[in-house]
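Below: one structure, written as structure tokens.
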Amino acid sequence: MPRLSVWYIRAALVYLLLGFTFGGLLLFHKGVPLHPTLWRLLPAHIEFVFFGWTVQLILGMAFWILPRFAKPPVRGNEPLAWAAFIAINAGILLLAAASFLPGSGWLILAGRAAETMGVIAFALHAWPRVRAS
Amino acid sequence: MPALTRWFLRSALISFILALLLGLVIAARAPLNLEFPASAFSPVFFHLFMVGWVAQLIFGVVFWMFPKYSREQPRGSEALGWATFWLLNLGLALRLVGEPAQVLAPSRLWGWLLAASALLQWLAGMIFVINTWGRVKER
């Protein structure tokens, strides 16, 4: 497994841990009320499970298993895929922070923008590798 | 394909079908004028899809295909893998019953059933992370 895939997949596992913890607290609270402010965890729960865990695991696997090139760099433009990793994680953290801050419209916009740039960077990296091997 | 992966994938497929059948009933409510409390079942629909189908499919494939943990334990702890499977599915099944019941007829029983569901699924997630972490490594 290449180093960047290790980073993507370990980050995905950390977000799975956080996403399940927030989700577990919310479900517990639905059954046995703990504290009303727990509902503020909901946007972060969704972001962690969807983008943090599922999307990042897929991107890490894709970087690992998509066809490689015969000549180095065998996985194509690696700096683009690293940039995608940084942008996507910055976006997730900004969006999670926005869950807890009032009037955080700009934070949400910045988070979504970072995620979008990350996804575009990953698509540019992956595009030439999607071919008959 | 190892036995645990077969269980994960078959259970994932069942969850996928159940999620879509539930989604079908929710979608049919308005055009067919069904008296169906969609809001009580929507979270179950989402979690059958994202936990029962997506996460469980990933868990099964990861257990099967990720790099070997060691020569003696190539897939990490099989016992922890099975614990993940049973905790996740039992937790999800309790949610399937407890969540709509708690919305439609709240009671202490349904409430604690939901709390138990939360604990079981959370434990499943934590055990999966613990058992998988050591297999995410450079060759």
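Ligands are numbered from 1 in the order shown, residues from 1 within each chain, and chains are lettered A, B, ... in the order they appear in the structure tokens.
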Which residues of chain B have any atom within 10 Å of an atom in chain A when counting only C-alpha atoms, and what is the closest pair of atoms for each, with the distance in Å to one decimal? Order the rows by chain and rising number and write it as a tab-separated table.
```
residue	atom	partner	partner_atom	distance
B:Met50	CA	A:Phe50	CA	8.5
B:Val51	CA	A:Val49	CA	9.5
B:Val54	CA	A:Thr54	CA	8.1
B:Ala55	CA	A:Thr54	CA	7.7
B:Ile58	CA	A:Thr54	CA	8.7
B:Phe66	CA	A:Met1	CA	8.7
B:Pro67	CA	A:Met1	CA	7.5
B:Arg95	CA	A:Leu27	CA	8.8
B:Gly98	CA	A:Gly31	CA	8.5
B:Glu99	CA	A:Gly31	CA	8.0
B:Gln102	CA	A:Gly31	CA	7.2
B:Val103	CA	A:Lys30	CA	9.2
B:Pro106	CA	A:Gly31	CA	8.7
B:Ser107	CA	A:Gly31	CA	8.8
B:Arg108	CA	A:Gly31	CA	7.9
B:Leu109	CA	A:Gly31	CA	8.9
B:Trp110	CA	A:Gly31	CA	6.8
B:Gly111	CA	A:Gly31	CA	3.6
B:Trp112	CA	A:Gly31	CA	5.9
B:Leu113	CA	A:Gly31	CA	7.3
B:Leu114	CA	A:Gly31	CA	5.1
B:Ala115	CA	A:Phe28	CA	4.2
B:Ala116	CA	A:Phe28	CA	7.6
B:Ser117	CA	A:Phe28	CA	7.9
B:Ala118	CA	A:Gly24	CA	4.6
B:Leu119	CA	A:Gly24	CA	6.5
B:Leu120	CA	A:Gly24	CA	8.9
B:Gln121	CA	A:Gly24	CA	7.3
B:Trp122	CA	A:Phe20	CA	5.6
B:Leu123	CA	A:Phe20	CA	8.9
B:Ala124	CA	A:Phe20	CA	9.2
B:Gly125	CA	A:Phe20	CA	6.5
B:Met126	CA	A:Leu17	CA	6.2
B:Ile127	CA	A:Leu17	CA	9.6
B:Phe128	CA	A:Leu13	CA	8.9
B:Val129	CA	A:Leu13	CA	6.0
B:Ile130	CA	A:Leu13	CA	9.2
B:Thr132	CA	A:Leu13	CA	8.5
B:Trp133	CA	A:Arg10	CA	7.1
B:Gly134	CA	A:Arg10	CA	9.8
B:Arg135	CA	A:Val6	CA	9.5
B:Val136	CA	A:Val6	CA	5.7
B:Lys137	CA	A:Val6	CA	5.9
B:Glu138	CA	A:Met1	CA	4.9
B:Arg139	CA	A:Met1	CA	5.8
```
Counting only C-alpha atoms, what is within 9 Å of A:Arg131, bar same-chain residues fewer than 4 positions away, as a PyMOL selection string?
-> chain A and resi 66-67+127
Skip B:Trp53 itself and residues of its chain fewer than 3 positions away, then list as a ChimeraX atom specification all residues within 6 Å of it, counting only C-alpha atoms.
-> /B:12,15-16,49-50,56-57
With a distance cut-off of 7 Å and only C-alpha atoms, select the neighbouring residues of B:Ala40, excluding the residue or stretch itself and same-chain residues fewer than 2 positions from it, and output the selection as a compact mmCIF listing (two decimals) with all heavy atoms, in the first residue's frame.
```txt
# COMPACT_ATOMS: atom_id res chain seq x y z
N PRO B 37 -46.09 6.77 8.83
CA PRO B 37 -45.30 7.82 9.50
C PRO B 37 -43.86 7.84 8.98
O PRO B 37 -42.94 7.32 9.63
CB PRO B 37 -45.37 7.42 10.97
CG PRO B 37 -45.57 5.94 10.95
CD PRO B 37 -46.30 5.59 9.68
N ALA B 38 -43.68 8.48 7.84
CA ALA B 38 -42.37 8.44 7.17
C ALA B 38 -41.26 9.00 8.05
O ALA B 38 -40.13 8.48 8.05
CB ALA B 38 -42.44 9.21 5.86
N SER B 42 -37.49 7.43 8.46
CA SER B 42 -36.41 7.97 7.61
C SER B 42 -35.01 7.72 8.17
O SER B 42 -34.12 7.33 7.42
CB SER B 42 -36.63 9.47 7.38
OG SER B 42 -37.79 9.65 6.61
N PRO B 100 -38.36 3.64 15.29
CA PRO B 100 -39.75 4.01 14.97
C PRO B 100 -40.67 3.86 16.18
O PRO B 100 -41.54 4.70 16.40
CB PRO B 100 -40.14 3.01 13.87
CG PRO B 100 -38.86 2.47 13.34
CD PRO B 100 -37.88 2.53 14.47
N VAL B 103 -40.45 6.85 18.44
CA VAL B 103 -41.11 8.05 17.88
C VAL B 103 -42.62 7.90 18.00
O VAL B 103 -43.33 8.84 18.37
CB VAL B 103 -40.70 8.26 16.40
CG1 VAL B 103 -41.49 9.40 15.76
CG2 VAL B 103 -39.20 8.55 16.30
```
Check chain A with DSSP on the backbone and list each residue it calls alpha helix (DSSP H), as JSON, numbers by chain.
-> {"A": [3, 4, 5, 6, 7, 8, 9, 10, 11, 12, 13, 14, 15, 16, 17, 18, 19, 20, 21, 22, 23, 24, 25, 26, 27, 28, 29, 30, 31, 42, 43, 44, 45, 46, 47, 56, 57, 58, 59, 60, 61, 62, 63, 64, 65, 78, 79, 80, 81, 82, 83, 84, 85, 86, 87, 88, 89, 90, 91, 92, 93, 94, 95, 96, 97, 98, 99, 100, 105, 106, 107, 108, 109, 110, 111, 112, 113, 114, 115, 116, 117, 118, 119, 120, 121, 122, 123, 124, 125, 126]}
Excluding same-chain residues fewer than 3 positions from A:Trp82, what lies within 10 Å of it counting only C-alpha atoms, as a ChimeraX atom specification?
-> /A:4-5,7-8,77-79,85-88,118,121-122,125
Mind dumping the selected residues with C-alpha atoms as a PDB file, in the first residue's frame?
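File out_25.pdb, as written:
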```
ATOM      1  CA  LEU A   4      -0.534   8.356   0.605  1.00  0.00           C
ATOM      2  CA  SER A   5      -3.084   5.517   0.754  1.00  0.00           C
ATOM      3  CA  TRP A   7      -2.672   8.484   5.146  1.00  0.00           C
ATOM      4  CA  TYR A   8      -6.083   8.492   3.437  1.00  0.00           C
ATOM      5  CA  ASN A  77       0.893  13.257 -10.475  1.00  0.00           C
ATOM      6  CA  GLU A  78       1.283  12.405  -6.780  1.00  0.00           C
ATOM      7  CA  PRO A  79       1.511  16.034  -5.535  1.00  0.00           C
ATOM      8  CA  PHE A  85      -5.793  14.912   0.840  1.00  0.00           C
ATOM      9  CA  ILE A  86      -4.884  18.179   2.565  1.00  0.00           C
ATOM     10  CA  ALA A  87      -7.757  20.177   1.038  1.00  0.00           C
ATOM     11  CA  ILE A  88     -10.389  17.521   1.793  1.00  0.00           C
ATOM     12  CA  GLY A 118      -9.741  18.621  -3.114  1.00  0.00           C
ATOM     13  CA  ALA A 121      -7.449  17.837  -7.585  1.00  0.00           C
ATOM     14  CA  PHE A 122      -8.057  14.122  -7.031  1.00  0.00           C
ATOM     15  CA  HIS A 125      -4.783  13.042 -10.591  1.00  0.00           C
TER      16      HIS A 125
END
```
Residue nearest B:Phe8 - candidates B:Pro74, B:Leu90, B:Ala79, B:Phe59, atoms counted: only C-alpha atoms =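 Distance minimum relative to B:Phe8 lands on B:Phe59.
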Atomic distance atom CA of B:Lys68 - atom CA of B:Leu13, expressed in Å with one decimal |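 Pair atom CA of B:Lys68 / atom CA of B:Leu13 returns 26.0 Å.
Counting only C-alpha atoms and comparing B:Val61, B:Leu32, B:Leu24, B:Leu18, the residue that lies closest to B:Leu96 is B:Leu18.
Here atom CA of A:Pro43 is placed at a distance of 28.7 Å from atom CA of B:Leu9.
In this model, the gap between atom CA of A:Ser99 and atom CA of B:Pro43 comes to 19.7 Å.
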Would you mind listing what lies within 8 Å of A:Gly76 as a JSON list (two decimals) with N, CA and C atoms, in the first residue's frame, with only C-alpha atoms counted and same-chain residues fewer than 3 positions away left out?
```
[["chain", "number", "residue", "atom", "x", "y", "z"],
["A", 68, "ARG", "N", -1.20, 1.58, -12.83],
["A", 68, "ARG", "CA", 0.00, 2.41, -12.72],
["A", 68, "ARG", "C", 0.65, 2.58, -14.09],
["A", 69, "PHE", "N", 1.56, 3.55, -14.18],
["A", 69, "PHE", "CA", 2.28, 3.78, -15.43],
["A", 69, "PHE", "C", 3.57, 2.95, -15.45],
["A", 72, "PRO", "N", 8.36, 5.84, -14.07],
["A", 72, "PRO", "CA", 8.09, 6.73, -12.92],
["A", 72, "PRO", "C", 7.71, 8.14, -13.37],
["A", 73, "PRO", "N", 6.89, 8.82, -12.62],
["A", 73, "PRO", "CA", 6.22, 8.36, -11.40],
["A", 73, "PRO", "C", 5.08, 7.40, -11.74],
["A", 125, "HIS", "N", -5.81, 14.07, -10.80],
["A", 125, "HIS", "CA", -4.78, 13.04, -10.59],
["A", 125, "HIS", "C", -5.23, 11.70, -11.20],
["A", 128, "PRO", "N", -5.95, 10.35, -15.79],
["A", 128, "PRO", "CA", -5.09, 9.59, -16.72],
["A", 128, "PRO", "C", -4.87, 8.13, -16.30],
["A", 129, "ARG", "N", -5.14, 7.81, -15.03],
["A", 129, "ARG", "CA", -4.94, 6.42, -14.57],
["A", 129, "ARG", "C", -6.16, 5.55, -14.86]]
```
